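Colleague: The structure's right below; bear with me while I get my questions together.
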Amino acid sequence: MNSYHDELAKLLLSKNDQLSYNQARTWVELLWEDFETTYAKAGWEYKGSEMTERIVKQWIENYGEKLHEFVATNPKYKDFLKQDKNNLN
């Protein structure tokens with residue numbers, strides 16, 4: 001799963017230069033977890049990491065360039081995505 005997260009974080013960074021690698025990775029992990037949790041709560045059968053990767057990749061393609069703006073309107077995620085001004089990696 002780490003390779004999925006790493007590749008998706010790199011994709012997100014290519015879409016959004018406002019994020020550090022750690023923030024991009026955190027976004028990927030949050031989106032991944034959110035999809036799998038929502039899917040399970042809906043009672044759907046688990047279709048594997050490949051499906052989750054496909055969905056998260058689609059979200060990144062569609063919304064990746066604006067994800068950094070989401071924190072401003074949703075303080076719930078602020079602590080997860082704090083920007084370390086000394087470490088943009």
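So you can find residues: chains in the structure tokens are A, B, ... in the order shown, residues in each start at 1, and ligands are numbered from 1 in order.
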Residues at most 12 Å from Met51 (chain A), counting only C-alpha atoms, excluding those fewer than 5 positions away in the same chain, as a ChimeraX atom specification?

Modeller: /A:4,32,35-36,39,45-46,56-58

Colleague: Which polymer residues have any atom within 10 Å of an atom of Gln18 (chain A), counting only C-alpha atoms, with same-chain residues fewer than 5 positions away left out, as a count of residues only?

Modeller: 10

Colleague: What is the distance between CA of Trp27 (chain A) and CA of Glu50 (chain A), in Å to one decimal?

Modeller: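 Value for the CA of Trp27 (chain A)-CA of Glu50 (chain A) distance: 17.8 Å.
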
Colleague: What's the separation between CA of Glu7 (chain A) and CA of Asp34 (chain A), in Å to one decimal place?

Modeller: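 Computing the Euclidean distance for CA of Glu7 (chain A) and CA of Asp34 (chain A) yields 18.1 Å.
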
Colleague: In Å, with one decimal, what is the gap from CA of Ser49 (chain A) to CA of Ser3 (chain A)?

Modeller: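 The value is 11.0 Å.
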
Colleague: Measuring atom to atom with only C-alpha atoms, identify which of A:Lys41, A:Ser20, A:Lys47, A:Leu12 is nearest to Trp59 (chain A).

Modeller: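 Checking each candidate against Trp59 (chain A), we get A:Leu12 as the closest.
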
Colleague: Out of A:Thr52, A:Glu61, A:Phe70, A:Ala42, which residue has the shortest atom-to-atom distance to Glu29 (chain A) when counting only C-alpha atoms?

Modeller: A:Thr52
